[in-house]
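Containing TSV, C-alpha atoms: entry_35.tsv.
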```tsv
chain	number	residue	atom	x	y	z
A	170	MET	CA	79.11	21.30	-59.71
A	171	ARG	CA	81.65	18.92	-61.12
A	172	PRO	CA	82.27	17.06	-64.39
A	173	GLY	CA	79.73	14.29	-64.91
A	174	ASP	CA	76.85	16.12	-63.21
A	175	VAL	CA	73.67	16.30	-65.28
A	176	LEU	CA	71.98	19.66	-65.88
A	177	TYR	CA	68.42	20.17	-66.95
A	178	TRP	CA	66.37	23.27	-67.62
A	179	GLU	CA	62.91	23.40	-66.09
A	180	HIS	CA	60.10	25.88	-66.77
A	181	THR	CA	58.70	27.70	-63.75
A	182	GLN	CA	55.51	28.79	-65.54
A	183	GLU	CA	53.38	27.82	-68.52
A	184	ALA	CA	55.21	28.51	-71.79
A	185	GLY	CA	54.08	27.28	-75.20
A	186	ASP	CA	53.64	23.52	-74.98
A	187	TYR	CA	55.51	23.31	-71.65
A	188	ASN	CA	53.93	23.19	-68.21
A	189	ALA	CA	55.48	24.62	-65.05
A	190	GLY	CA	57.88	22.05	-63.59
A	191	GLU	CA	58.58	20.34	-66.93
A	192	ALA	CA	62.15	19.90	-68.08
A	193	HIS	CA	62.85	20.70	-71.71
A	194	HIS	CA	66.63	20.45	-72.12
A	195	THR	CA	69.41	18.30	-70.67
A	196	ALA	CA	73.20	18.59	-70.75
A	197	VAL	CA	76.29	17.19	-68.97
A	198	VAL	CA	78.89	19.20	-67.05
A	199	THR	CA	82.24	18.74	-68.78
A	200	ALA	CA	84.45	21.10	-66.75
A	201	VAL	CA	84.55	23.73	-64.02
A	202	LEU	CA	87.03	26.53	-64.74
A	203	PRO	CA	89.21	28.19	-62.05
A	204	ASN	CA	86.99	31.30	-62.27
A	205	GLY	CA	83.97	29.16	-61.35
A	206	ASP	CA	82.36	29.09	-64.78
A	207	VAL	CA	80.76	25.74	-65.57
A	208	LEU	CA	81.17	24.23	-69.04
A	209	TYR	CA	78.64	21.76	-70.39
A	210	SER	CA	78.07	19.69	-73.51
A	211	GLN	CA	74.76	18.94	-75.21
A	212	HIS	CA	73.41	17.18	-78.25
A	213	THR	CA	71.62	20.32	-79.50
A	214	THR	CA	73.78	21.90	-82.23
A	215	ASN	CA	76.54	19.53	-81.12
A	216	GLY	CA	77.46	21.98	-78.37
A	217	LYS	CA	80.72	21.10	-76.63
A	218	ASP	CA	82.16	22.92	-73.60
A	219	LEU	CA	79.59	25.74	-73.67
A	220	SER	CA	79.57	28.32	-70.86
A	221	LEU	CA	76.70	27.99	-68.39
A	222	THR	CA	77.22	31.67	-67.49
A	223	ASN	CA	76.53	32.62	-71.11
A	224	ARG	CA	73.49	30.31	-71.25
A	225	MET	CA	71.84	32.00	-68.26
A	226	GLY	CA	71.05	34.96	-70.53
A	227	PHE	CA	68.51	32.73	-72.28
A	228	SER	CA	66.49	32.10	-69.11
A	229	ASN	CA	63.34	33.56	-70.66
A	230	GLN	CA	63.17	31.41	-73.79
A	231	ASP	CA	59.67	30.67	-75.08
A	232	GLY	CA	58.23	33.23	-72.68
A	233	GLY	CA	58.89	31.14	-69.58
A	234	THR	CA	61.34	31.65	-66.79
A	235	GLN	CA	63.59	28.63	-66.27
A	236	ASN	CA	65.49	27.00	-63.45
A	237	VAL	CA	68.67	25.02	-64.00
A	238	ARG	CA	68.66	21.83	-61.94
A	239	VAL	CA	71.79	19.82	-61.16
A	240	ILE	CA	71.79	16.05	-60.63
A	241	ARG	CA	74.87	14.25	-59.38
A	242	PRO	CA	74.88	10.58	-60.37
A	243	LYS	CA	75.80	8.30	-57.50
A	244	GLU	CA	78.52	5.74	-58.10
A	245	THR	CA	77.39	2.35	-56.86
A	246	TRP	CA	80.21	0.20	-58.17
```
Once more with this new file: its structure as structure tokens, please.
Amino acid sequence: MRPGDVLYWEHTQEAGDYNAGEAHHTAVVTAVLPNGDVLYSQHTTNGKDLSLTNRMGFSNQDGGTQNVRVIRPKETW
């Protein structure tokens, strides 16, 4: 990953109002530390430079296992 990549969390099974394969949260990679930890920022709770490693502990929110997907925007200019 690198700064500017987009992260989103996707459910892998039915959970509450979410269906398997649905994304429910999005964030942007803001930095990659020398130790490999990825920092991201999000609009939820005005989170800035949060640790993706620490977030992985919440992978079972709402009773559903989640995947983190990474999208790299392509520069076309």
- Query: Mind pulling up the distance from CA of Ser210 (chain A) to CA of Asp174 (chain A)?
  - Reply: 11.0 Å
- Distance CA of Leu208 (chain A)-CA of Trp246 (chain A), one decimal place? 26.4 Å
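Separating CA of Ala200 (chain A) from CA of Lys243 (chain A) is a distance of 18.0 Å.
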- Please provide as a ChimeraX atom specification all residues within 12 Å of Gly216 (chain A), with the sequence filter that same-chain residues fewer than 3 positions apart are discarded (counting only C-alpha atoms). /A:195-199,208-213,219-221,224
Put those residues in a file: C-alpha atoms, as a PDB file, in the coordinates of the input.
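The file below, out.pdb, is the result:
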```
ATOM      1  CA  THR A 195      69.410  18.300 -70.670  1.00  0.00           C
ATOM      2  CA  ALA A 196      73.200  18.590 -70.750  1.00  0.00           C
ATOM      3  CA  VAL A 197      76.290  17.190 -68.970  1.00  0.00           C
ATOM      4  CA  VAL A 198      78.890  19.200 -67.050  1.00  0.00           C
ATOM      5  CA  THR A 199      82.240  18.740 -68.780  1.00  0.00           C
ATOM      6  CA  LEU A 208      81.170  24.230 -69.040  1.00  0.00           C
ATOM      7  CA  TYR A 209      78.640  21.760 -70.390  1.00  0.00           C
ATOM      8  CA  SER A 210      78.070  19.690 -73.510  1.00  0.00           C
ATOM      9  CA  GLN A 211      74.760  18.940 -75.210  1.00  0.00           C
ATOM     10  CA  HIS A 212      73.410  17.180 -78.250  1.00  0.00           C
ATOM     11  CA  THR A 213      71.620  20.320 -79.500  1.00  0.00           C
ATOM     12  CA  LEU A 219      79.590  25.740 -73.670  1.00  0.00           C
ATOM     13  CA  SER A 220      79.570  28.320 -70.860  1.00  0.00           C
ATOM     14  CA  LEU A 221      76.700  27.990 -68.390  1.00  0.00           C
ATOM     15  CA  ARG A 224      73.490  30.310 -71.250  1.00  0.00           C
TER      16      ARG A 224
END
```
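Shell of His194 (chain A) at 8 Å, with all atoms listed in the file counted and residues fewer than 2 places along the chain excluded, is Tyr177, Trp178, Glu179, Ala192 and Ala196 of chain A.
With all atoms listed in the file as the atoms that count, the minimum distance from Arg241 (chain A) to the choices A:Lys217, A:His193, A:Arg171, A:His180 is reached by A:Arg171.
You can rank A:Met170, A:Leu176, A:Gly190, A:Glu183 by their closest distance to Gly205 (chain A) using only C-alpha atoms, and at the top of that list sits A:Met170.
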- Task: Check the smallest atom-to-atom distance from each of A:Ala184, A:Val201, A:Val239, A:Ala189 to Pro172 (chain A) using only C-alpha atoms, then report the winner.
- Result: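 The answer is A:Val201, which sits nearest to Pro172 (chain A).
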